[in-house]
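input.txt, holding compact mmCIF, C-alpha atoms and all ligand atoms:
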```txt
# COMPACT_ATOMS: atom_id res chain seq x y z
CA MET X 1 7.45 -22.97 -11.91
CA GLY X 2 5.78 -20.51 -9.52
CA ARG X 3 4.39 -17.19 -10.68
CA LEU X 4 6.79 -15.26 -8.42
CA GLU X 5 9.96 -17.27 -9.03
CA ASN X 6 13.13 -15.26 -8.22
CA LYS X 7 11.11 -12.34 -6.87
CA VAL X 8 11.75 -10.69 -3.51
CA ALA X 9 8.54 -9.56 -1.81
CA ILE X 10 8.12 -7.44 1.31
CA ILE X 11 4.76 -7.93 3.02
CA THR X 12 3.89 -5.50 5.81
CA GLY X 13 1.58 -6.80 8.53
CA GLY X 14 2.58 -10.32 7.50
CA ALA X 15 2.57 -11.79 11.01
CA ARG X 16 -1.10 -12.75 10.89
CA GLY X 17 -4.38 -12.38 9.02
CA ILE X 18 -4.38 -11.40 5.37
CA GLY X 19 -0.65 -10.67 5.43
CA LYS X 20 0.16 -14.14 6.75
CA ALA X 21 -1.98 -15.85 4.10
CA THR X 22 -0.18 -13.71 1.52
CA ALA X 23 3.24 -14.71 2.85
CA GLN X 24 2.22 -18.37 2.52
CA LEU X 25 0.87 -17.99 -1.02
CA PHE X 26 3.78 -15.87 -2.27
CA ALA X 27 6.30 -18.33 -0.82
CA GLN X 28 4.49 -21.22 -2.55
CA GLU X 29 4.71 -19.25 -5.79
CA GLY X 30 8.49 -19.06 -5.47
CA ALA X 31 9.07 -15.63 -3.92
CA THR X 32 11.54 -14.86 -1.17
CA VAL X 33 9.22 -13.42 1.45
CA ILE X 34 10.20 -10.66 3.86
CA ILE X 35 7.67 -10.04 6.61
CA TRP X 36 7.70 -6.62 8.23
CA ASP X 37 5.53 -6.45 11.35
CA MET X 38 5.55 -5.02 14.87
CA LEU X 39 4.43 -8.34 16.34
CA GLU X 40 7.13 -10.79 17.40
CA SER X 41 4.90 -13.57 16.06
CA GLY X 42 6.11 -12.51 12.60
CA GLU X 43 9.18 -14.63 13.36
CA GLN X 44 6.94 -17.66 13.92
CA THR X 45 5.22 -17.04 10.58
CA ALA X 46 8.59 -16.82 8.80
CA HIS X 47 9.83 -19.89 10.69
CA GLU X 48 6.80 -21.95 9.57
CA LEU X 49 7.53 -21.00 5.95
CA ARG X 50 11.20 -21.96 6.26
CA GLN X 51 10.15 -25.30 7.76
CA GLN X 52 8.15 -25.92 4.57
CA GLY X 53 11.33 -25.30 2.60
CA TYR X 54 10.50 -21.77 1.50
CA LYS X 55 12.66 -18.66 1.67
CA ALA X 56 11.31 -16.32 4.34
CA GLU X 57 12.58 -13.87 6.92
CA PHE X 58 11.12 -11.51 9.47
CA GLY X 59 12.03 -7.90 10.29
CA GLN X 60 10.46 -6.47 13.42
CA VAL X 61 9.66 -2.90 12.46
CA SER X 62 6.76 -0.50 12.69
CA VAL X 63 5.49 1.00 9.45
CA THR X 64 5.33 4.30 11.36
CA ASP X 65 9.10 4.38 11.91
CA ALA X 66 10.52 5.93 8.73
CA PRO X 67 14.23 5.80 9.71
CA ALA X 68 13.96 2.13 10.78
CA LEU X 69 12.23 1.30 7.48
CA GLU X 70 15.10 2.87 5.53
CA VAL X 71 17.51 0.59 7.40
CA ALA X 72 15.29 -2.46 6.89
CA ALA X 73 14.92 -1.80 3.14
CA ARG X 74 18.67 -1.35 2.76
CA ALA X 75 19.20 -4.68 4.58
CA VAL X 76 16.88 -6.50 2.15
CA GLN X 77 18.58 -4.88 -0.83
CA ASP X 78 22.05 -5.81 0.50
CA ALA X 79 21.01 -9.40 1.20
CA TYR X 80 19.14 -10.14 -2.05
CA GLY X 81 20.21 -7.42 -4.48
CA ARG X 82 16.62 -6.51 -5.35
CA ILE X 83 13.16 -5.69 -4.02
CA ASP X 84 10.51 -6.56 -6.60
CA ILE X 85 7.24 -6.43 -4.69
CA LEU X 86 5.93 -4.35 -1.80
CA ILE X 87 2.60 -5.26 -0.24
CA ASN X 88 1.51 -2.36 1.98
CA ASN X 89 -0.92 -4.49 3.97
CA ALA X 90 -0.40 -3.44 7.63
CA GLY X 91 -3.41 -1.61 9.02
CA ILE X 92 -5.35 -0.91 12.21
CA THR X 93 -8.80 0.25 13.27
CA ARG X 94 -9.79 2.55 16.15
CA ASP X 95 -13.54 2.73 15.53
CA ARG X 96 -15.75 5.39 17.13
CA SER X 97 -18.40 7.78 15.86
CA LEU X 98 -17.18 11.24 14.89
CA LEU X 99 -18.78 12.80 17.95
CA LYS X 100 -16.78 10.51 20.24
CA MET X 101 -13.56 9.96 18.29
CA SER X 102 -10.48 11.35 20.04
CA HIS X 103 -7.62 13.11 18.29
CA THR X 104 -5.39 10.23 19.39
CA GLU X 105 -7.65 7.66 17.69
CA TRP X 106 -7.58 9.75 14.53
CA GLU X 107 -3.80 10.16 14.61
CA GLN X 108 -3.02 6.50 15.36
CA VAL X 109 -4.98 5.28 12.35
CA VAL X 110 -3.58 7.96 10.04
CA ASP X 111 -0.07 7.14 11.21
CA VAL X 112 -0.27 3.39 10.49
CA ASN X 113 -2.67 3.21 7.53
CA LEU X 114 -1.60 6.30 5.63
CA ASN X 115 1.81 7.54 6.80
CA GLY X 116 2.94 3.90 7.03
CA VAL X 117 2.17 3.28 3.37
CA PHE X 118 4.06 6.43 2.40
CA TYR X 119 7.08 5.60 4.57
CA CYS X 120 7.36 1.98 3.40
CA THR X 121 7.02 2.93 -0.24
CA LYS X 122 9.55 5.78 0.11
CA ALA X 123 12.02 3.36 1.68
CA VAL X 124 11.64 0.71 -1.03
CA VAL X 125 10.95 2.54 -4.27
CA PRO X 126 14.53 3.76 -4.98
CA TYR X 127 15.62 0.10 -5.30
CA MET X 128 12.77 -0.60 -7.72
CA VAL X 129 13.71 2.42 -9.82
CA GLU X 130 17.32 1.19 -9.86
CA LYS X 131 16.19 -2.21 -11.21
CA GLN X 132 13.49 -0.72 -13.47
CA TYR X 133 10.97 -3.17 -12.01
CA GLY X 134 8.44 -3.00 -9.23
CA ARG X 135 5.00 -4.02 -8.06
CA ILE X 136 3.50 -1.87 -5.29
CA ILE X 137 0.21 -3.08 -3.88
CA CYS X 138 -1.59 -1.17 -1.13
CA THR X 139 -4.52 -2.33 0.94
CA SER X 140 -7.55 -0.09 0.75
CA SER X 141 -11.00 -1.21 1.91
CA VAL X 142 -14.61 -1.27 0.79
CA VAL X 143 -15.20 1.47 3.38
CA GLY X 144 -12.66 3.68 1.59
CA ILE X 145 -15.20 3.65 -1.25
CA THR X 146 -18.52 3.66 0.63
CA GLY X 147 -17.67 5.18 4.05
CA ASN X 148 -18.85 3.47 7.22
CA PHE X 149 -20.44 4.39 10.52
CA GLY X 150 -17.76 4.76 13.21
CA GLN X 151 -14.83 4.80 10.77
CA THR X 152 -14.02 8.45 9.99
CA ASN X 153 -10.32 7.76 10.57
CA TYR X 154 -10.16 4.37 8.85
CA SER X 155 -12.28 5.20 5.80
CA ALA X 156 -10.29 8.44 5.26
CA THR X 157 -7.01 6.53 5.15
CA LYS X 158 -8.40 3.81 2.92
CA ALA X 159 -9.81 6.38 0.47
CA ALA X 160 -6.43 8.13 0.47
CA ILE X 161 -4.76 4.90 -0.68
CA ILE X 162 -6.85 4.97 -3.84
CA GLY X 163 -5.53 8.45 -4.69
CA MET X 164 -1.96 7.50 -3.85
CA VAL X 165 -1.80 4.51 -6.19
CA LYS X 166 -3.30 6.56 -9.03
CA THR X 167 -0.58 9.16 -8.50
CA TRP X 168 2.22 6.60 -8.25
CA ALA X 169 0.97 4.93 -11.44
CA ARG X 170 1.50 8.25 -13.22
CA GLU X 171 4.87 8.93 -11.62
CA LEU X 172 6.43 5.47 -11.70
CA GLY X 173 5.02 3.82 -14.82
CA LYS X 174 8.04 4.88 -16.85
CA TYR X 175 10.27 2.78 -14.57
CA ASN X 176 8.23 -0.38 -15.20
CA ILE X 177 6.76 -0.01 -11.70
CA THR X 178 3.04 -0.45 -11.15
CA ALA X 179 1.03 0.72 -8.14
CA ASN X 180 -2.39 -0.76 -7.45
CA ALA X 181 -4.75 -1.20 -4.53
CA VAL X 182 -6.96 -4.01 -3.31
CA ALA X 183 -10.16 -3.05 -1.51
CA PRO X 184 -11.26 -6.02 0.62
CA GLY X 185 -14.79 -6.38 1.91
CA PHE X 186 -15.47 -8.22 5.17
CA ILE X 187 -12.69 -10.72 5.73
CA ARG X 188 -12.50 -13.12 8.68
CA THR X 189 -9.33 -12.11 10.60
CA GLU X 190 -8.45 -10.92 14.09
CA MET X 191 -9.32 -7.41 12.92
CA THR X 192 -12.96 -8.34 12.27
CA ASP X 193 -13.05 -10.67 15.30
CA GLN X 194 -13.29 -7.44 17.33
CA ILE X 195 -16.69 -6.68 15.78
CA PRO X 196 -19.67 -7.91 17.86
CA GLU X 197 -21.14 -11.15 16.41
CA GLU X 198 -24.60 -9.54 15.94
CA VAL X 199 -23.14 -6.69 13.86
CA LEU X 200 -21.13 -9.19 11.81
CA LYS X 201 -24.28 -11.21 11.11
CA GLN X 202 -26.12 -8.11 9.88
CA THR X 203 -23.14 -7.17 7.74
CA VAL X 204 -22.85 -10.61 6.15
CA ALA X 205 -26.57 -10.48 5.31
CA THR X 206 -25.82 -7.48 3.03
CA VAL X 207 -23.15 -9.40 1.07
CA PRO X 208 -24.42 -11.09 -2.12
CA ALA X 209 -21.97 -13.94 -1.46
CA LYS X 210 -23.65 -14.36 1.99
CA ARG X 211 -20.37 -15.12 3.69
CA MET X 212 -17.29 -13.30 4.89
CA GLY X 213 -14.21 -13.52 2.72
CA SER X 214 -11.11 -15.47 3.73
CA PRO X 215 -7.58 -14.05 3.97
CA GLU X 216 -6.73 -16.26 0.98
CA ASP X 217 -9.36 -14.47 -1.15
CA ILE X 218 -7.32 -11.28 -0.72
CA ALA X 219 -3.93 -13.00 -1.04
CA HIS X 220 -4.93 -14.22 -4.52
CA ALA X 221 -5.83 -10.66 -5.58
CA TYR X 222 -2.45 -9.44 -4.34
CA LEU X 223 -0.82 -12.29 -6.25
CA TYR X 224 -2.44 -11.28 -9.53
CA LEU X 225 -1.39 -7.66 -9.14
CA ALA X 226 2.14 -8.73 -8.12
CA SER X 227 2.54 -11.03 -11.13
CA ASP X 228 4.16 -10.24 -14.46
CA GLU X 229 0.76 -10.84 -16.10
CA ALA X 230 -0.58 -7.67 -14.45
CA PHE X 231 1.99 -5.45 -16.17
CA TYR X 232 -0.66 -3.33 -17.91
CA VAL X 233 -2.83 -2.87 -14.80
CA ASN X 234 -1.73 0.35 -13.12
CA GLY X 235 -3.39 2.81 -10.73
CA HIS X 236 -6.31 0.44 -10.29
CA THR X 237 -8.26 -0.47 -7.16
CA LEU X 238 -9.51 -4.05 -7.27
CA SER X 239 -12.57 -4.70 -5.10
CA VAL X 240 -12.65 -8.15 -3.51
CA ASN X 241 -15.83 -8.02 -1.47
CA GLY X 242 -18.27 -10.73 -2.49
CA GLY X 243 -20.23 -8.15 -4.47
CA VAL X 244 -21.20 -5.89 -1.57
CA ALA X 245 -20.27 -2.61 -3.32
N1 LIG B 1 -10.27 -7.90 7.73
C1 LIG B 1 -11.03 -7.14 6.96
O1 LIG B 1 -12.26 -7.31 6.90
C2 LIG B 1 -10.44 -6.02 6.16
C3 LIG B 1 -11.29 -5.32 5.29
C4 LIG B 1 -10.76 -4.31 4.53
C5 LIG B 1 -9.42 -4.00 4.62
N2 LIG B 1 -8.62 -4.70 5.47
C6 LIG B 1 -7.21 -4.32 5.53
O2 LIG B 1 -6.41 -5.45 5.29
C7 LIG B 1 -5.15 -5.30 5.94
C8 LIG B 1 -4.87 -6.53 6.77
O3 LIG B 1 -5.88 -6.65 7.76
P1 LIG B 1 -6.17 -7.95 8.62
O4 LIG B 1 -7.63 -8.14 8.60
O5 LIG B 1 -5.27 -9.06 8.20
O6 LIG B 1 -5.80 -7.40 10.08
P2 LIG B 1 -4.95 -8.03 11.28
O7 LIG B 1 -5.18 -7.12 12.41
O8 LIG B 1 -5.25 -9.48 11.44
O9 LIG B 1 -3.45 -7.92 10.77
C9 LIG B 1 -2.82 -6.68 10.61
C10 LIG B 1 -1.33 -6.86 10.75
O10 LIG B 1 -0.73 -5.56 10.65
C11 LIG B 1 0.23 -5.44 11.67
N3 LIG B 1 0.46 -4.04 12.04
C12 LIG B 1 -0.40 -3.20 12.64
N4 LIG B 1 0.20 -2.04 12.88
C13 LIG B 1 1.47 -2.15 12.43
C14 LIG B 1 2.58 -1.28 12.41
N5 LIG B 1 2.53 -0.05 12.91
N6 LIG B 1 3.74 -1.73 11.85
C15 LIG B 1 3.84 -2.98 11.35
N7 LIG B 1 2.81 -3.84 11.36
C16 LIG B 1 1.65 -3.43 11.89
C17 LIG B 1 -0.36 -6.22 12.84
O11 LIG B 1 0.63 -6.52 13.81
C18 LIG B 1 -0.94 -7.43 12.13
O12 LIG B 1 0.01 -8.47 11.98
C19 LIG B 1 -5.27 -4.01 6.75
O13 LIG B 1 -4.71 -2.94 6.02
C20 LIG B 1 -6.75 -3.81 6.88
O14 LIG B 1 -7.09 -2.46 7.09
C21 LIG B 1 -9.10 -5.71 6.25
```
Kindly return the structure encoded in the file as structure tokens.
Ligand SMILES: NC(=O)c1ccc[n+]([C@@H]2O[C@H](COP(=O)([O-])OP(=O)(O)OC[C@H]3O[C@@H](n4cnc5c(N)ncnc54)[C@H](O)[C@@H]3O)[C@@H](O)[C@H]2O)c1
Amino acid sequence: MGRLENKVAIITGGARGIGKATAQLFAQEGATVIIWDMLESGEQTAHELRQQGYKAEFGQVSVTDAPALEVAARAVQDAYGRIDILINNAGITRDRSLLKMSHTEWEQVVDVNLNGVFYCTKAVVPYMVEKQYGRIICTSSVVGITGNFGQTNYSATKAAIIGMVKTWARELGKYNITANAVAPGFIRTEMTDQIPEEVLKQTVATVPAKRMGSPEDIAHAYLYLASDEAFYVNGHTLSVNGGVA
């Protein structure tokens, strides 16, 4: 018996990286997995899961498109009668030092990483309230706690997540809904593949674990917070960073 048997889980940014590893793990644990992503390759990810005999589907939607998210959430509710878990995992970077960062770079990151989390949660949470059950997990980052050179936009959104889940814990706890965050450290995905190898090496040297994390390291943290066992964990930000901060 899987830990997410009979649960319906929406994973944003599930086409690749951490979200894809999460889709795989959650499906193995018995969940029906709904991947929301802008990338068409989300269909391939869902297809691979179905080929393994798991229940998975893909909805091509941007987390910045609030009306489309309302429609997508309604479609999941109509198809399965419930939405138990929302993993707000989609995120982007547009790194540049403050002196050079454009307003567009600021706005793009705020729109996906912050507005996107608000829009997705707004679209889904009424169905959780109706069922008096929900697990909302949002992806913060170590740099939301420490700050980072070149990441004014990104670190601001990731710090904001920590405040949002604390607030939602207070507002939604009475409906048996929890809201928590995971703050990953340096995880090997296409996002970090953009970082020059030399910078990555220096970064890894600062990690007590002396290696980058894997997408699965984060997927397992999401799994814990999404499970029934985590009922009494609410408003928390779980660092998964090899001990770096
Ligand atoms: N990789 C790391 O080191 C690291 C560290 C800390 C936090 N994080 C966070 O973890 C999450 C996953 O990151 P990742 O490393 O897997 O990155 P990734 O770039 O490999 O995957 C991100 C996914 O989000 C999707 N996405 C982006 N914008 C979207 C939008 N507007 N609508 C829908 N989907 C969208 C992408 O298409 C992609 O599939 C992000 O929130 C990221 O900020 C990553």
Open item on the list: Let me see if you get this right: every residue at most 6 Å from ligand LIG 1 (chain B), counting all atoms listed in the file, written as an MDAnalysis selection string.
Closed with: chainID X and resid 12:19 37:39 61:64 89:92 112 139:141 184:192
Task: Distance of CA of Glu105 (chain X) from CA of Glu43 (chain X), expressed in Å to one decimal place - done: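 So the two atoms, CA of Glu43 (chain X) and CA of Glu105 (chain X), lie 28.3 Å apart.
Residue nearest Lys100 (chain X) within the list X:Gly150, X:Gly116, X:Gly242, X:Pro215: X:Gly150 [criterion: smallest interatomic distance, all atoms listed in the file].
Interatomic distance, CA of Ser227 (chain X) against CA of Val76 (chain X): 20.1 Å.
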TODO: Counting all atoms listed in the file, select every polymer residue within 9 Å of (-3.9, -1.5, -14.3) as defined in the file's coordinates, and provide the selection as a list of chain:residue names.
DONE: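 In the file's frame, the residues around the point are X:Ala169, X:Thr178, X:Ala179, X:Asn180, X:Leu225, X:Ala230, X:Phe231, X:Tyr232, X:Val233, X:Asn234, X:Gly235, X:His236, X:Thr237.
If you look at CA of Val71 (chain X) and CA of Asp228 (chain X), they are 27.8 Å away from each other.
Across X:Val109, X:Val204, X:Ala9, X:Leu4, the tightest approach to Ile137 (chain X) is made by X:Ala9 when counting all atoms listed in the file.
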TODO: Excluding Ala79 (chain X) and residues on its chain fewer than 3 positions from it, collect all residues at most 12 Å away from it, counting only C-alpha atoms, and give them as a PyMOL selection string.
DONE: chain X and resi 8+32+34+57+72-76+82-83
Open item on the list: Residues near Lys55 (chain X), anyone? I mean within 8 Å using all atoms listed in the file, not counting same-chain ones fewer than 4 positions away, as JSON, numbers by chain.
Closed with: {"X": [27, 31, 32, 33, 49, 50]}
Edge lengths and centre, in Å to one decimal, as AutoDock Vina command-line options: that's what I need for the box along x, y and z that holds all listed atoms of region 108-123 of chain X plus 3 Å on each side.
```
--center_x 3.5 --center_y 5.0 --center_z 7.6 --size_x 23.0 --size_y 12.0 --size_z 21.6
```
Open item on the list: Restricting the calculation to all atoms listed in the file: of X:Thr203, X:Ser155, X:Gln28, X:Ser97, which residue gets closest to Tyr54 (chain X)?
Closed with: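 The closest residue to Tyr54 (chain X) is X:Gln28.
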TODO: Compare X:Asp111, X:Asp65, X:Asp84, X:Glu197 by their minimum atom-to-atom distance to Val129 (chain X), counting only C-alpha atoms, and give me the closest one.
DONE: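 So, comparing all the options, the nearest one is X:Asp84.
You can rank X:Thr93, X:Gln77, X:Asn241, X:Gln108 by their closest distance to Pro126 (chain X) using all atoms listed in the file, and at the top of that list sits X:Gln77.
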- [ ] Could you tell me which of X:Lys210, X:Lys131, X:Trp36, X:Asn153 comes closest to Gly243 (chain X) if we count only C-alpha atoms?
- [x] X:Lys210
